[in-house]
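Trainee: I have a structure here, written as structure tokens, and I will follow up with some questions on it.
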Amino acid sequence: MDAYLSDEVQSSLEALNIAKGDHDGLLLGHIRGHRFFVEKIFPTQKGFFSSQEQFLSLNQHFGDRVIGFFSFNPDERKANKILTPLTQGKLYLSIHSQGDTTLDIRSYRIDYKDRFYLSPIRHKS
């Protein structure tokens, strides 16, 4: 698996970086073959969503196009929140700020084998 980030997504993430803060959000797009195509982002409250019901409502609102999550400067506790059966197979972007214009983006697929874990994958912009 790998992930493709559209120009709009890259620009939106850079804008959030300029605005500063530890932002979280949803990744919207589709999966084709072995590639996540991230077309848009939707910033959310810290921690992505308050309940599984809220996540399901947001996913339904976006026409079942939530393919993952992003988080700026995440800690382990935040990443663990999305390691659930509901999110298995989705994309997770861990984003670290390297100044106002540079982002270190690490891409993962949420997987399961005896436990939930983040499996590193490549991404392209």
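Chains: A, B, ... in order of the structure tokens. Residues: from 1 per chain. Ligands: from 1, in order shown.
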I'd like the neighbourhood of Phe37 in chain A as a list in words, where a residue qualifies if any of its atoms comes within 12 Å (using only C-alpha atoms), though same-chain residues fewer than 5 positions away should be ignored.
Mentor: Met1, Asp2, Ala3, Tyr4, Leu5, Ser6, Asp7, Glu8, Val9, Leu27, Leu28, Gly29, His30, Ile31, Arg32, Arg65, Val66, Ile67, Gly68, Lys90, Leu91, His123, Lys124 and Ser125 of chain A
Trainee: Within 12 Å of Thr101 in chain A, counting only C-alpha atoms, which residues qualify if same-chain residues fewer than 6 places away don't, as a list in words?
Mentor: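 My list of contacting residues is Gln10, Ser11, Ser12, Leu13, Glu14, Ala15, Leu16, Asn17, Ile18, Ala19 and Lys20 of chain A.
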Trainee: Can you list every residue in range 3-49 of chain A that DSSP puts in alpha helix (DSSP H), as a list in words?
Mentor: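 Here are the alpha helix (DSSP H) residues of range 3-49 of chain A: Asp7, Glu8, Val9, Gln10, Ser11, Ser12, Leu13, Glu14, Ala15, Leu16, Asn17 and Ile18 of chain A.
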Trainee: Could those residues be written to a file, using all heavy atoms, as a short mmCIF file (atom, residue, chain, number, x, y, z; two decimals), in the first residue's frame?
Mentor:
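again.cif was written with the following content:
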data_model
loop_
_atom_site.label_atom_id
_atom_site.label_comp_id
_atom_site.auth_asym_id
_atom_site.auth_seq_id
_atom_site.Cartn_x
_atom_site.Cartn_y
_atom_site.Cartn_z
N ASP A 7 -2.42 17.99 -4.36
CA ASP A 7 -1.84 19.31 -4.13
C ASP A 7 -2.66 20.10 -3.11
O ASP A 7 -2.11 20.82 -2.27
CB ASP A 7 -1.74 20.09 -5.44
CG ASP A 7 -0.71 19.51 -6.40
OD1 ASP A 7 0.17 18.75 -5.95
OD2 ASP A 7 -0.79 19.83 -7.60
N GLU A 8 -3.99 19.97 -3.19
CA GLU A 8 -4.87 20.67 -2.25
C GLU A 8 -4.61 20.21 -0.81
O GLU A 8 -4.56 21.02 0.12
CB GLU A 8 -6.34 20.45 -2.61
CG GLU A 8 -7.29 21.14 -1.66
CD GLU A 8 -8.76 20.91 -1.99
OE1 GLU A 8 -9.08 20.44 -3.09
OE2 GLU A 8 -9.59 21.22 -1.12
N VAL A 9 -4.43 18.92 -0.63
CA VAL A 9 -4.16 18.39 0.71
C VAL A 9 -2.82 18.90 1.22
O VAL A 9 -2.70 19.36 2.35
CB VAL A 9 -4.20 16.84 0.70
CG1 VAL A 9 -3.61 16.26 1.98
CG2 VAL A 9 -5.62 16.36 0.49
N GLN A 10 -1.80 18.82 0.36
CA GLN A 10 -0.47 19.30 0.76
C GLN A 10 -0.54 20.78 1.16
O GLN A 10 0.00 21.17 2.19
CB GLN A 10 0.51 19.09 -0.39
CG GLN A 10 1.95 19.36 -0.02
CD GLN A 10 2.54 18.32 0.91
OE1 GLN A 10 2.22 17.14 0.84
NE2 GLN A 10 3.39 18.76 1.81
N SER A 11 -1.22 21.59 0.37
CA SER A 11 -1.36 23.01 0.67
C SER A 11 -2.14 23.25 1.96
O SER A 11 -1.78 24.12 2.77
CB SER A 11 -2.06 23.70 -0.51
OG SER A 11 -2.21 25.07 -0.25
N SER A 12 -3.19 22.49 2.18
CA SER A 12 -3.99 22.64 3.40
C SER A 12 -3.19 22.26 4.64
O SER A 12 -3.28 22.93 5.68
CB SER A 12 -5.25 21.78 3.32
OG SER A 12 -6.10 22.23 2.30
N LEU A 13 -2.40 21.21 4.55
CA LEU A 13 -1.56 20.81 5.68
C LEU A 13 -0.50 21.87 5.96
O LEU A 13 -0.22 22.18 7.12
CB LEU A 13 -0.91 19.44 5.41
CG LEU A 13 -1.87 18.26 5.38
CD1 LEU A 13 -1.14 16.99 4.95
CD2 LEU A 13 -2.56 18.06 6.72
N GLU A 14 0.08 22.44 4.90
CA GLU A 14 1.06 23.51 5.09
C GLU A 14 0.42 24.73 5.75
O GLU A 14 1.02 25.37 6.60
CB GLU A 14 1.69 23.88 3.75
CG GLU A 14 2.61 22.81 3.21
CD GLU A 14 3.02 23.00 1.75
OE1 GLU A 14 2.56 23.98 1.12
OE2 GLU A 14 3.78 22.16 1.25
N ALA A 15 -0.83 25.05 5.37
CA ALA A 15 -1.53 26.18 5.97
C ALA A 15 -1.79 25.93 7.46
O ALA A 15 -1.62 26.83 8.29
CB ALA A 15 -2.84 26.45 5.24
N LEU A 16 -2.18 24.71 7.82
CA LEU A 16 -2.37 24.38 9.23
C LEU A 16 -1.05 24.51 10.00
O LEU A 16 -1.02 24.94 11.15
CB LEU A 16 -2.94 22.97 9.40
CG LEU A 16 -4.40 22.79 9.05
CD1 LEU A 16 -4.79 21.32 9.14
CD2 LEU A 16 -5.29 23.63 9.95
N ASN A 17 0.04 24.14 9.36
CA ASN A 17 1.35 24.26 9.98
C ASN A 17 1.69 25.72 10.26
O ASN A 17 2.19 26.06 11.33
CB ASN A 17 2.41 23.62 9.10
CG ASN A 17 3.77 23.59 9.75
OD1 ASN A 17 3.91 23.22 10.91
ND2 ASN A 17 4.78 23.98 9.01
N ILE A 18 1.40 26.59 9.30
CA ILE A 18 1.66 28.03 9.48
C ILE A 18 0.81 28.57 10.63
O ILE A 18 1.27 29.41 11.41
CB ILE A 18 1.37 28.80 8.17
CG1 ILE A 18 2.41 28.43 7.11
CG2 ILE A 18 1.35 30.30 8.41
CD1 ILE A 18 2.07 28.90 5.71
#
Trainee: Quick one: DSSP strand (DSSP E or B) residues in range 74-113 of chain A, as a ChimeraX atom specification?
Mentor: /A:91-97,103-112
Trainee: List as a list in words the protein and nucleic acid residues near range 109-112 of chain A, meaning an atom at most 7 Å away when only C-alpha atoms are counted, but skip any in the same chain fewer than 3 places from it.
Mentor: Leu83, Thr87, Gln88, Gly89, Lys90, Leu91, Tyr92, Arg115, Phe116, Tyr117, Leu118, Ser119, Pro120 and Ile121 of chain A
Trainee: Please, what distance in Å, to one decimal, runs between CA of Ile95 in chain A and CA of Val38 in chain A?
Mentor: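 Computing it gives 14.8 Å between the two atoms.
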Trainee: Could you list, as a ChimeraX atom specification, every residue within 7 Å of Ile105 in chain A, counting only C-alpha atoms and ignoring same-chain residues fewer than 4 positions away?
Mentor: /A:93-96
Trainee: Which residue, A:Gln54, A:Pro74, A:Ala79, A:Arg35, has the smallest gap to Arg122 in chain A when you use only C-alpha atoms?
Mentor: A:Arg35
Trainee: Quick one: residues within 12 Å of Leu58 in chain A, only C-alpha atoms, excluding same-chain residues fewer than 5 positions away - as a list in words?
Mentor: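 My list of contacting residues is Gly25, Leu26, Leu27, Leu28, Phe42, Pro43, Thr44, Phe48, Phe49, Ser50, Ser51, Gln52, Glu53, Gly63, Asp64, Arg65, Val66 and Ile67 of chain A.
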Trainee: Once you have the residues from the selection above, write them out as a PDB file, in the first residue's frame, restricted to C-alpha atoms.
Mentor:
ATOM      1  CA  GLY A  25      -8.434  15.680  11.410  1.00  0.00           C
ATOM      2  CA  LEU A  26      -9.933  13.321   8.886  1.00  0.00           C
ATOM      3  CA  LEU A  27      -8.552  12.372   5.481  1.00  0.00           C
ATOM      4  CA  LEU A  28     -11.145  12.253   2.697  1.00  0.00           C
ATOM      5  CA  PHE A  42     -11.321  17.985   7.436  1.00  0.00           C
ATOM      6  CA  PRO A  43      -9.869  19.395  10.671  1.00  0.00           C
ATOM      7  CA  THR A  44     -11.594  18.057  13.791  1.00  0.00           C
ATOM      8  CA  PHE A  48     -10.355  13.116  15.991  1.00  0.00           C
ATOM      9  CA  PHE A  49     -13.829  12.306  17.376  1.00  0.00           C
ATOM     10  CA  SER A  50     -15.493  11.949  20.761  1.00  0.00           C
ATOM     11  CA  SER A  51     -17.214   8.608  20.124  1.00  0.00           C
ATOM     12  CA  GLN A  52     -17.535   5.869  17.549  1.00  0.00           C
ATOM     13  CA  GLU A  53     -21.055   7.129  16.823  1.00  0.00           C
ATOM     14  CA  GLY A  63     -20.473   9.885   1.740  1.00  0.00           C
ATOM     15  CA  ASP A  64     -18.305   7.104   3.218  1.00  0.00           C
ATOM     16  CA  ARG A  65     -15.154   8.901   1.963  1.00  0.00           C
ATOM     17  CA  VAL A  66     -13.226   9.027   5.267  1.00  0.00           C
ATOM     18  CA  ILE A  67     -10.118   7.001   4.477  1.00  0.00           C
TER      19      ILE A  67
END
